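Colleague: As input, take start.pdb (PDB, C-alpha atoms):
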MODEL        1
ATOM      1  CA  MET A  75     -59.570 -25.769-153.564
ATOM      2  CA  HIS A  76     -62.849 -27.326-154.543
ATOM      3  CA  ALA A  77     -66.060 -26.146-152.966
ATOM      4  CA  GLU A  78     -67.995 -28.427-150.626
ATOM      5  CA  TRP A  79     -71.614 -28.020-149.597
ATOM      6  CA  ILE A  80     -72.328 -27.620-145.903
ATOM      7  CA  ASP A  81     -75.691 -27.816-144.146
ATOM      8  CA  VAL A  82     -75.806 -26.872-140.459
ATOM      9  CA  ASP A  83     -78.869 -26.008-138.408
ATOM     10  CA  ASP A  84     -79.068 -23.278-135.790
ATOM     11  CA  ALA A  85     -79.322 -25.781-132.907
ATOM     12  CA  CYS A  86     -75.979 -27.317-133.886
ATOM     13  CA  ILE A  87     -74.319 -23.897-134.134
ATOM     14  CA  ARG A  88     -75.778 -22.904-130.751
ATOM     15  CA  SER A  89     -74.475 -26.127-129.206
ATOM     16  CA  ILE A  90     -70.951 -25.456-130.499
ATOM     17  CA  ALA A  91     -71.113 -21.815-129.376
ATOM     18  CA  ASP A  92     -72.135 -22.796-125.850
ATOM     19  CA  SER A  93     -69.739 -25.730-125.455
ATOM     20  CA  GLU A  94     -66.606 -25.566-123.345
ATOM     21  CA  ASN A  95     -65.632 -29.106-124.427
ATOM     22  CA  LEU A  96     -63.011 -30.125-126.958
ATOM     23  CA  VAL A  97     -64.564 -30.178-130.434
ATOM     24  CA  ILE A  98     -63.385 -33.133-132.509
ATOM     25  CA  ALA A  99     -64.033 -32.992-136.243
ATOM     26  CA  VAL A 100     -64.744 -36.354-137.830
ATOM     27  CA  GLY A 101     -63.371 -35.996-141.338
ATOM     28  CA  THR A 102     -61.828 -33.165-143.285
ATOM     29  CA  THR A 103     -65.179 -31.861-144.561
ATOM     30  CA  SER A 104     -66.419 -31.575-140.978
ATOM     31  CA  LEU A 105     -63.242 -29.726-140.021
ATOM     32  CA  ARG A 106     -63.636 -27.294-142.912
ATOM     33  CA  THR A 107     -67.305 -26.853-141.972
ATOM     34  CA  LEU A 108     -66.533 -26.024-138.341
ATOM     35  CA  GLU A 109     -63.855 -23.523-139.253
ATOM     36  CA  THR A 110     -66.074 -22.021-141.972
ATOM     37  CA  LEU A 111     -68.773 -21.395-139.357
ATOM     38  CA  TYR A 112     -66.283 -19.322-137.389
ATOM     39  CA  TRP A 113     -65.236 -17.229-140.410
ATOM     40  CA  LEU A 114     -68.802 -16.690-141.592
ATOM     41  CA  GLY A 115     -69.559 -15.575-138.045
ATOM     42  CA  VAL A 116     -66.673 -13.097-138.150
ATOM     43  CA  LYS A 117     -68.054 -11.708-141.406
ATOM     44  CA  ALA A 118     -71.520 -11.415-139.815
ATOM     45  CA  TRP A 119     -69.958  -9.771-136.753
ATOM     46  CA  LEU A 120     -68.124  -7.202-138.895
ATOM     47  CA  GLN A 121     -71.069  -6.553-141.242
ATOM     48  CA  PRO A 122     -74.302  -7.711-139.571
ATOM     49  CA  GLU A 123     -76.514  -6.240-142.315
ATOM     50  CA  THR A 124     -74.879  -8.183-145.162
ATOM     51  CA  GLU A 125     -77.406 -10.161-147.160
ATOM     52  CA  LYS A 126     -75.154 -13.004-148.281
ATOM     53  CA  LEU A 127     -72.411 -14.831-146.395
ATOM     54  CA  GLU A 128     -69.779 -16.659-148.423
ATOM     55  CA  LEU A 129     -66.267 -17.875-147.741
ATOM     56  CA  GLY A 130     -63.620 -18.053-150.452
ATOM     57  CA  GLN A 131     -60.531 -20.222-150.136
ATOM     58  CA  TRP A 132     -58.242 -17.388-149.022
ATOM     59  CA  ASP A 133     -60.734 -15.239-147.045
ATOM     60  CA  CYS A 134     -59.511 -16.435-143.643
ATOM     61  CA  TYR A 135     -55.999 -15.227-144.480
ATOM     62  CA  ASN A 136     -57.243 -11.672-145.090
ATOM     63  CA  ASN A 137     -55.797  -9.277-142.490
ATOM     64  CA  ARG A 138     -59.175  -7.585-142.054
ATOM     65  CA  LEU A 139     -60.630 -10.848-140.749
ATOM     66  CA  LEU A 140     -57.475 -12.098-139.023
ATOM     67  CA  ASN A 141     -57.006  -8.925-136.995
ATOM     68  CA  THR A 142     -60.408  -9.033-135.323
ATOM     69  CA  GLU A 143     -60.793  -9.798-131.629
ATOM     70  CA  CYS A 144     -63.721 -12.110-132.341
ATOM     71  CA  THR A 145     -63.922 -15.170-130.081
ATOM     72  CA  LYS A 146     -65.551 -18.448-131.073
ATOM     73  CA  SER A 147     -68.626 -17.559-129.037
ATOM     74  CA  MET A 148     -68.870 -14.039-130.475
ATOM     75  CA  ALA A 149     -68.524 -15.297-134.054
ATOM     76  CA  LEU A 150     -71.044 -18.105-133.706
ATOM     77  CA  ASN A 151     -73.557 -15.880-131.932
ATOM     78  CA  ALA A 152     -73.148 -13.254-134.679
ATOM     79  CA  LEU A 153     -73.826 -16.017-137.205
ATOM     80  CA  LEU A 154     -76.930 -17.116-135.295
ATOM     81  CA  ASN A 155     -78.168 -13.510-135.151
ATOM     82  CA  TRP A 156     -77.573 -13.153-138.901
ATOM     83  CA  MET A 157     -79.532 -16.360-139.532
ATOM     84  CA  LYS A 158     -82.404 -15.142-137.346
ATOM     85  CA  ARG A 159     -82.513 -11.744-139.117
ATOM     86  CA  ASN A 160     -82.567 -13.543-142.460
ATOM     87  CA  GLN A 161     -85.190 -16.052-141.264
ATOM     88  CA  LYS A 162     -82.942 -19.089-141.688
ATOM     89  CA  GLU A 163     -83.014 -22.117-139.433
ATOM     90  CA  ARG A 164     -80.341 -23.838-141.542
ATOM     91  CA  LEU A 165     -77.150 -22.556-143.049
ATOM     92  CA  PHE A 166     -76.895 -24.232-146.454
ATOM     93  CA  THR A 167     -73.919 -22.905-148.380
ATOM     94  CA  GLN A 168     -70.578 -23.829-149.897
ATOM     95  CA  THR A 169     -67.130 -23.517-148.419
ATOM     96  CA  GLN A 170     -63.871 -23.217-150.286
ATOM     97  CA  LEU A 171     -61.798 -22.788-147.127
ATOM     98  CA  LEU A 172     -58.233 -23.902-147.773
ATOM     99  CA  ILE A 173     -56.472 -24.861-144.543
ATOM    100  CA  THR A 174     -52.695 -24.784-144.907
ATOM    101  CA  PRO A 175     -49.753 -24.926-142.469
ATOM    102  CA  GLY A 176     -49.771 -21.839-140.275
ATOM    103  CA  TYR A 177     -53.568 -21.772-140.018
ATOM    104  CA  ARG A 178     -54.795 -21.216-136.430
ATOM    105  CA  PHE A 179     -57.857 -23.319-135.624
ATOM    106  CA  ARG A 180     -60.722 -21.419-134.024
ATOM    107  CA  ILE A 181     -63.237 -24.175-133.222
ATOM    108  CA  ALA A 182     -61.842 -27.677-133.697
ATOM    109  CA  GLY A 183     -59.254 -29.055-131.284
ATOM    110  CA  ALA A 184     -58.764 -32.454-132.906
ATOM    111  CA  LEU A 185     -59.432 -34.320-136.134
ATOM    112  CA  ILE A 186     -60.271 -37.937-136.904
ATOM    113  CA  THR A 187     -59.280 -38.715-140.488
ATOM    114  CA  ASN A 188     -57.759 -41.326-142.744
ATOM    115  CA  PHE A 189     -54.344 -41.072-144.410
ATOM    116  CA  HIS A 190     -54.267 -38.895-147.521
ATOM    117  CA  GLN A 191     -52.364 -38.861-150.815
ATOM    118  CA  PRO A 192     -49.072 -37.017-151.218
ATOM    119  CA  ASN A 193     -49.306 -33.572-152.831
ATOM    120  CA  SER A 194     -52.982 -33.165-151.919
ATOM    121  CA  THR A 195     -54.781 -30.284-150.235
ATOM    122  CA  LEU A 196     -55.900 -32.782-147.583
ATOM    123  CA  LEU A 197     -52.288 -33.536-146.687
ATOM    124  CA  LEU A 198     -51.756 -29.763-146.374
ATOM    125  CA  LEU A 199     -54.692 -29.736-143.964
ATOM    126  CA  VAL A 200     -53.107 -32.549-141.910
ATOM    127  CA  ALA A 201     -49.832 -30.601-141.834
ATOM    128  CA  ALA A 202     -51.788 -27.592-140.540
ATOM    129  CA  VAL A 203     -53.279 -29.762-137.791
ATOM    130  CA  ILE A 204     -50.116 -31.450-136.477
ATOM    131  CA  GLY A 205     -47.302 -29.330-137.875
ATOM    132  CA  ASP A 206     -44.046 -30.915-138.987
ATOM    133  CA  LYS A 207     -44.932 -34.158-137.170
ATOM    134  CA  TRP A 208     -47.025 -35.120-140.196
ATOM    135  CA  LYS A 209     -43.890 -36.585-141.778
ATOM    136  CA  GLU A 210     -43.291 -38.882-138.784
ATOM    137  CA  VAL A 211     -46.940 -39.927-138.651
ATOM    138  CA  TYR A 212     -47.039 -40.737-142.353
ATOM    139  CA  GLN A 213     -43.696 -42.560-142.250
ATOM    140  CA  HIS A 214     -45.022 -44.674-139.369
ATOM    141  CA  ALA A 215     -48.129 -45.441-141.420
ATOM    142  CA  LEU A 216     -46.014 -46.445-144.433
ATOM    143  CA  ASP A 217     -43.594 -48.538-142.342
ATOM    144  CA  HIS A 218     -46.476 -50.442-140.748
ATOM    145  CA  GLU A 219     -48.446 -50.915-143.972
ATOM    146  CA  TYR A 220     -51.438 -48.838-142.942
ATOM    147  CA  ARG A 221     -54.089 -48.517-145.588
ATOM    148  CA  PHE A 222     -54.475 -45.092-147.174
ATOM    149  CA  LEU A 223     -57.355 -43.155-148.771
ATOM    150  CA  SER A 224     -61.109 -43.437-148.237
ATOM    151  CA  PHE A 225     -61.313 -46.984-146.899
ATOM    152  CA  GLY A 226     -57.995 -46.891-145.100
ATOM    153  CA  ASP A 227     -56.876 -46.739-141.523
ATOM    154  CA  GLY A 228     -57.768 -43.713-139.457
ATOM    155  CA  SER A 229     -55.963 -41.459-137.061
ATOM    156  CA  LEU A 230     -56.838 -39.093-134.217
ATOM    157  CA  LEU A 231     -54.810 -35.898-134.546
ATOM    158  CA  PHE A 232     -54.707 -33.075-132.003
ATOM    159  CA  MET A 233     -54.101 -29.516-133.162
ATOM    160  CA  VAL A 234     -50.719 -27.995-132.368
ATOM    161  CA  GLU A 235     -50.249 -24.312-131.671
ATOM    162  CA  SER A 236     -48.825 -22.560-134.720
TER     163      SER A 236
ENDMDL
END
Taking this structure as input, can you express it in the form of structure tokens?

Modeller:
Amino acid sequence: MHAEWIDVDDACIRSIADSENLVIAVGTTSLRTLETLYWLGVKAWLQPETEKLELGQWDCYNNRLLNTECTKSMALNALLNWMKRNQKERLFTQTQLLITPGYRFRIAGALITNFHQPNSTLLLLVAAVIGDKWKEVYQHALDHEYRFLSFGDGSLLFMVES
């Protein structure tokens, strides 16, 4: 999975941490960013004194991270505390998070996105969001001549429980 740069300020992270509302990611990069914030927060929660926070593409599938009892609020507050200790008002880093079927979303509850190419990591991400229904959704899009890729038609997808 390619790396993408993310840039999130502490006010945004605090807002997400404090929110009880449904979080809707607009675009796959936003979704990866939101979920990366959670996993970086888990890393900060487990090792608050670490000097550098990074997330590799498979880190979130590591049992050490998966088996924590870290809630969204706990993770994001640990991330905010880490940022404060390291005198950062912005988190500017890269994510390589690869979201595949079976992934359990920690922050986002829905995704707005366009229709993606077959055999792409973005289609894997869509399959993680809506499960096996992705085939029906994409067949509907094909049958009704929806436009695909960057300037195509969009969709609002709600996460299913895995």

Colleague: To verify the selection step, state as an MDAnalysis selection string which residues the PyMOL selection byres ((chain A and resi 186-195) around 8) yields on this input.

Modeller: chainID A and resid 75 98:102 172 174 184:185 196:199 212 221:231

Colleague: Taking C-alpha atoms for each residue, export the selection above as a PDB file, keeping the file's coordinate frame.

Modeller:
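result-v9.pdb was written with the following content:
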ATOM      1  CA  MET A  75     -59.570 -25.769-153.564  1.00  0.00           C
ATOM      2  CA  ILE A  98     -63.385 -33.133-132.509  1.00  0.00           C
ATOM      3  CA  ALA A  99     -64.033 -32.992-136.243  1.00  0.00           C
ATOM      4  CA  VAL A 100     -64.744 -36.354-137.830  1.00  0.00           C
ATOM      5  CA  GLY A 101     -63.371 -35.996-141.338  1.00  0.00           C
ATOM      6  CA  THR A 102     -61.828 -33.165-143.285  1.00  0.00           C
ATOM      7  CA  LEU A 172     -58.233 -23.902-147.773  1.00  0.00           C
ATOM      8  CA  THR A 174     -52.695 -24.784-144.907  1.00  0.00           C
ATOM      9  CA  ALA A 184     -58.764 -32.454-132.906  1.00  0.00           C
ATOM     10  CA  LEU A 185     -59.432 -34.320-136.134  1.00  0.00           C
ATOM     11  CA  LEU A 196     -55.900 -32.782-147.583  1.00  0.00           C
ATOM     12  CA  LEU A 197     -52.288 -33.536-146.687  1.00  0.00           C
ATOM     13  CA  LEU A 198     -51.756 -29.763-146.374  1.00  0.00           C
ATOM     14  CA  LEU A 199     -54.692 -29.736-143.964  1.00  0.00           C
ATOM     15  CA  TYR A 212     -47.039 -40.737-142.353  1.00  0.00           C
ATOM     16  CA  ARG A 221     -54.089 -48.517-145.588  1.00  0.00           C
ATOM     17  CA  PHE A 222     -54.475 -45.092-147.174  1.00  0.00           C
ATOM     18  CA  LEU A 223     -57.355 -43.155-148.771  1.00  0.00           C
ATOM     19  CA  SER A 224     -61.109 -43.437-148.237  1.00  0.00           C
ATOM     20  CA  PHE A 225     -61.313 -46.984-146.899  1.00  0.00           C
ATOM     21  CA  GLY A 226     -57.995 -46.891-145.100  1.00  0.00           C
ATOM     22  CA  ASP A 227     -56.876 -46.739-141.523  1.00  0.00           C
ATOM     23  CA  GLY A 228     -57.768 -43.713-139.457  1.00  0.00           C
ATOM     24  CA  SER A 229     -55.963 -41.459-137.061  1.00  0.00           C
ATOM     25  CA  LEU A 230     -56.838 -39.093-134.217  1.00  0.00           C
ATOM     26  CA  LEU A 231     -54.810 -35.898-134.546  1.00  0.00           C
TER      27      LEU A 231
END

Colleague: Counting only C-alpha atoms, which of A:Arg88, A:Lys146, A:Lys126, A:His218 gets nearest to A:Ile181?

Modeller: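 Looking only at the distances to A:Ile181, the closest residue turns out to be A:Lys146.
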
Colleague: Work out how far apart atom CA of A:Ser89 and atom CA of A:Ala202 are and give it in Å to one decimal.

Modeller: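 Separation of atom CA of A:Ser89 and atom CA of A:Ala202: 25.4 Å.
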
Colleague: For the atom pair atom CA of A:His76 and atom CA of A:Leu120, what is the interatomic distance in Å to one decimal place?

Modeller: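 Computing the Euclidean distance for atom CA of A:His76 and atom CA of A:Leu120 yields 26.0 Å.
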
Colleague: Would you work out the distance separating atom CA of A:Val203 from atom CA of A:Phe232, expressed in Å to one decimal?

Modeller: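 Separation between atom CA of A:Val203 and atom CA of A:Phe232: 6.8 Å.
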
Colleague: Given only C-alpha atoms as the basis, pick out the residue of A:Glu94, A:Glu109, A:Asp133, A:Glu123 nearest to A:Ala152.

Modeller: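 Distance minimum relative to A:Ala152 lands on A:Glu123.
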
Colleague: Given all atoms listed in the file as the basis, pick out the residue of A:Ala182, A:Val234, A:Met148, A:Leu140 nearest to A:Lys207.

Modeller: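 The answer is A:Val234, which sits nearest to A:Lys207.
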